[in-house]
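Chemist: I am attaching a structure below and will ask some questions about it afterwards.
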Amino acid sequence: MSRNPKGVILLSGGMDSCVTAAFARQTHDLALLHASYGQRTERRERQAFDEIADFYSVTERLVVRLDHFAQIGGSALTDKRIAIPEGEAGTPAGGNEIPSTYVPFRNAHFLAVAVSWAEVIGASAVFIGAVAEDSSGYPDCRPEYYRVFQQLVRVGTRPETRIEIITPVIGMRKREIIQRGVELHAPLDRTWSCYQFEDEACGSCDSCRLRLKAFAEAGVTDPIAYRTRVGR
């Protein structure tokens, strides 16, 4: 019987959350949580979650639906009337402006579900694969956001509850996340990052470009299929 503490890992199915699960597995028994929220690629992301969970032989899983995000709108990920921004495959993504793919205050909803589940199952930690550096610039991916949320967890749970919010990749560059994932034998071939399509990744949305750039800089071949592929 394992003597490791239990950790809830928010696993979207993307490479950052996958590597976060690999990090967590070194010190914790995994309980995997996936949230669908009406995003364009929710079926493909759920498939990635299932495949990663199977890879790690995790039986403790929770899948929830947060459909109110589609009703709220305001993001290109949940409202098909808002176009997904594209660029040339392999070009740098991100910038100073918050992109239209930002889902307003999304991570607070994810964390709230994760903390609720963690308190019920006796988990001592919630892991989330937020990345501040070399990312899309979402405001709910900043270190200070998680420091404040940690305080909320302390005052909003039972007095005896001790749940730590852990963000193992938040200060890493995307290429470093890939390199660490390879070292930890994370199943990067089962991850999905594309914002637009579910059969082959587009290669031109912000998330695809960040991913392609990261794999190229890490000197690792990206194992998933793309409609548009960066030249080597």
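So you can find residues: chains in the structure tokens are A, B, ... in the order shown, residues in each start at 1, and ligands are numbered from 1 in order.
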Write out as JSON, numbers by chain which residues come within 10 Å of Arg3 in chain A when counting only C-alpha atoms, dropping same-chain ones fewer than 2 positions away.
Modeler: {"A": [1, 5, 6, 27, 28, 29]}
Chemist: Give me a file of those residues, with N, CA and C atoms, as an mmCIF file, in the first residue's frame.
Modeler:
```cif
data_model
loop_
_atom_site.group_PDB
_atom_site.id
_atom_site.type_symbol
_atom_site.label_atom_id
_atom_site.label_comp_id
_atom_site.auth_asym_id
_atom_site.auth_seq_id
_atom_site.Cartn_x
_atom_site.Cartn_y
_atom_site.Cartn_z
ATOM 1 N N MET A 1 0.846 -1.196 0.000
ATOM 2 C CA MET A 1 0.000 0.000 0.000
ATOM 3 C C MET A 1 0.880 1.243 0.000
ATOM 4 N N PRO A 5 1.303 10.780 -0.086
ATOM 5 C CA PRO A 5 0.062 11.541 0.037
ATOM 6 C C PRO A 5 -0.653 11.575 -1.302
ATOM 7 N N LYS A 6 -1.923 11.875 -1.256
ATOM 8 C CA LYS A 6 -2.708 11.943 -2.486
ATOM 9 C C LYS A 6 -2.709 13.372 -3.015
ATOM 10 N N THR A 27 5.944 12.239 -6.127
ATOM 11 C CA THR A 27 5.764 12.429 -4.690
ATOM 12 C C THR A 27 4.366 12.112 -4.185
ATOM 13 N N HIS A 28 3.394 11.972 -5.098
ATOM 14 C CA HIS A 28 2.005 11.809 -4.705
ATOM 15 C C HIS A 28 1.330 10.676 -5.483
ATOM 16 N N ASP A 29 0.314 10.102 -4.868
ATOM 17 C CA ASP A 29 -0.595 9.227 -5.602
ATOM 18 C C ASP A 29 -1.574 10.121 -6.357
#
```
Chemist: Name the residues of range 99-176 of chain A that fall into strand (DSSP E) according to DSSP on the backbone, using the chain letters and numbers of this document, as a list of chain:residue names.
Modeler: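 Across range 99-176 of chain A, those assigned strand (DSSP E) are A:Ala125, A:Val126, A:Phe127, A:Glu164, A:Ile165, A:Ile166.
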Chemist: Those residues with N, CA, C and O atoms, as a short mmCIF file (atom, residue, chain, number, x, y, z; two decimals), in the first residue's frame please?
Modeler:
```cif
data_model
loop_
_atom_site.label_atom_id
_atom_site.label_comp_id
_atom_site.auth_asym_id
_atom_site.auth_seq_id
_atom_site.Cartn_x
_atom_site.Cartn_y
_atom_site.Cartn_z
N ALA A 125 -2.81 18.03 -1.74
CA ALA A 125 -2.32 19.00 -2.73
C ALA A 125 -3.21 19.01 -3.95
O ALA A 125 -3.85 18.01 -4.30
N VAL A 126 -3.25 20.18 -4.61
CA VAL A 126 -3.86 20.34 -5.92
C VAL A 126 -2.77 20.85 -6.85
O VAL A 126 -2.15 21.90 -6.58
N PHE A 127 -2.52 20.12 -7.92
CA PHE A 127 -1.51 20.50 -8.91
C PHE A 127 -2.21 21.07 -10.13
O PHE A 127 -3.19 20.50 -10.63
N GLU A 164 -2.38 22.13 -0.35
CA GLU A 164 -1.41 23.04 -0.96
C GLU A 164 -1.67 23.15 -2.46
O GLU A 164 -1.85 22.14 -3.14
N ILE A 165 -1.69 24.36 -2.98
CA ILE A 165 -1.77 24.58 -4.42
C ILE A 165 -0.34 24.56 -4.97
O ILE A 165 0.50 25.36 -4.56
N ILE A 166 -0.07 23.63 -5.88
CA ILE A 166 1.28 23.44 -6.42
C ILE A 166 1.29 23.69 -7.91
O ILE A 166 0.47 23.14 -8.65
#
```
Chemist: Excluding Leu11 in chain A and its own-chain neighbours fewer than 6 positions away, which residues fall within 12 Å of it when counting only C-alpha atoms? Please give them as a ChimeraX atom specification.
Modeler: /A:17-22,24,30-36,45-53,61-64,110-111,114,126-130,191-192
Chemist: Those residues with C-alpha atoms, as a short mmCIF file (atom, residue, chain, number, x, y, z; two decimals), in the first residue's frame please?
Modeler:
```
data_model
loop_
_atom_site.label_atom_id
_atom_site.label_comp_id
_atom_site.auth_asym_id
_atom_site.auth_seq_id
_atom_site.Cartn_x
_atom_site.Cartn_y
_atom_site.Cartn_z
CA SER A 17 -0.81 19.48 -17.45
CA CYS A 18 0.63 16.16 -18.62
CA VAL A 19 4.13 17.12 -17.45
CA THR A 20 2.59 18.45 -14.24
CA ALA A 21 1.09 14.99 -13.66
CA ALA A 22 4.53 13.47 -14.25
CA ALA A 24 3.24 15.05 -9.15
CA LEU A 30 -2.58 10.68 -8.48
CA ALA A 31 -6.24 11.61 -8.54
CA LEU A 32 -6.97 13.11 -11.96
CA LEU A 33 -9.57 15.81 -12.62
CA HIS A 34 -10.76 16.93 -16.05
CA ALA A 35 -13.14 19.80 -16.72
CA SER A 36 -14.99 20.28 -20.01
CA GLU A 45 -9.11 16.98 -24.87
CA ARG A 46 -11.22 14.43 -23.01
CA GLN A 47 -9.67 11.70 -25.15
CA ALA A 48 -6.20 12.97 -24.23
CA PHE A 49 -7.17 12.97 -20.54
CA ASP A 50 -8.37 9.37 -20.73
CA GLU A 51 -5.26 8.21 -22.57
CA ILE A 52 -2.90 9.92 -20.10
CA ALA A 53 -4.86 8.53 -17.14
CA ARG A 61 -10.73 10.12 -11.82
CA LEU A 62 -13.32 12.87 -11.86
CA VAL A 63 -14.74 14.43 -15.04
CA VAL A 64 -16.96 17.48 -14.67
CA PHE A 110 -11.19 24.72 -12.04
CA LEU A 111 -9.40 25.20 -8.74
CA ALA A 114 -10.31 20.57 -7.44
CA VAL A 126 -3.86 20.34 -5.92
CA PHE A 127 -1.51 20.50 -8.91
CA ILE A 128 -2.19 22.77 -11.88
CA GLY A 129 -0.05 23.20 -14.99
CA ALA A 130 -0.22 26.99 -15.23
CA THR A 191 -1.45 15.20 -25.37
CA TRP A 192 -3.52 17.73 -27.32
#
```
Chemist: Point out the residue among A:Glu42, A:Asp54, A:Glu86, A:Glu119 with the least atom-to-atom distance to Ile163 in chain A, counting only C-alpha atoms.
Modeler: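 Going through A:Glu42, A:Asp54, A:Glu86, A:Glu119 one by one, the smallest distance to Ile163 in chain A is for A:Glu119.
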Chemist: Could you name the residues that touch Arg173 in chain A at 12 Å or less, counting only C-alpha atoms, but leaving out those on the same chain fewer than 2 positions away, as an MDAnalysis selection string?
Modeler: chainID A and resid 16 130:136 168:171 175:180 210:211 213:215 217:218
Chemist: Please return, as a VMD selection string, all residues of range 16-157 of chain A that DSSP assigns to alpha helix (DSSP H) on the basis of the backbone.
Modeler: chain A and resid 16 to 25 42 to 55 68 to 72 106 to 121 143 to 156
Chemist: When you count only C-alpha atoms, which of these residues is closest to Pro104 in chain A: A:Gly87, A:Tyr138, A:Ser116, A:Ser204?
Modeler: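 Looking at the shortest contact to Pro104 in chain A, the residue is A:Tyr138.
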Chemist: Compile a residue-level contact table for range 152-205 of chain A against range 67-85 of chain A at a cut-off of 10 Å, reporting for every qualifying residue the shortest atom pair and its distance in Å to one decimal, with only C-alpha atoms counted, rows ordered by chain and ascending number, as a Markdown table.
Modeler:
```
| residue | atom | partner | partner_atom | distance |
| --- | --- | --- | --- | --- |
| A:Tyr195 | CA | A:Leu77 | CA | 6.9 |
| A:Gln196 | CA | A:Ile84 | CA | 7.3 |
| A:Ser204 | CA | A:Pro85 | CA | 8.4 |
| A:Cys205 | CA | A:Pro85 | CA | 6.0 |
```
Chemist: In Å, with one decimal, what is the gap from CA of Tyr102 in chain A to CA of Lys174 in chain A?
Modeler: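 Taking CA of Tyr102 in chain A as the start and CA of Lys174 in chain A as the end point, the length is 18.3 Å.
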Chemist: Of the candidates A:Gly13, A:Val58, A:Thr167, A:Ser207, which one gets nearest to Thr101 in chain A if we count only C-alpha atoms?
Modeler: A:Ser207
Chemist: Distance CA of His109 in chain A-CA of Gly14 in chain A, one decimal place?
Modeler: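 Separating CA of His109 in chain A from CA of Gly14 in chain A is a distance of 18.0 Å.
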Chemist: Could you please determine the separation between CA of Arg142 in chain A and CA of Arg65 in chain A in Å, to one decimal place?
Modeler: 24.5 Å
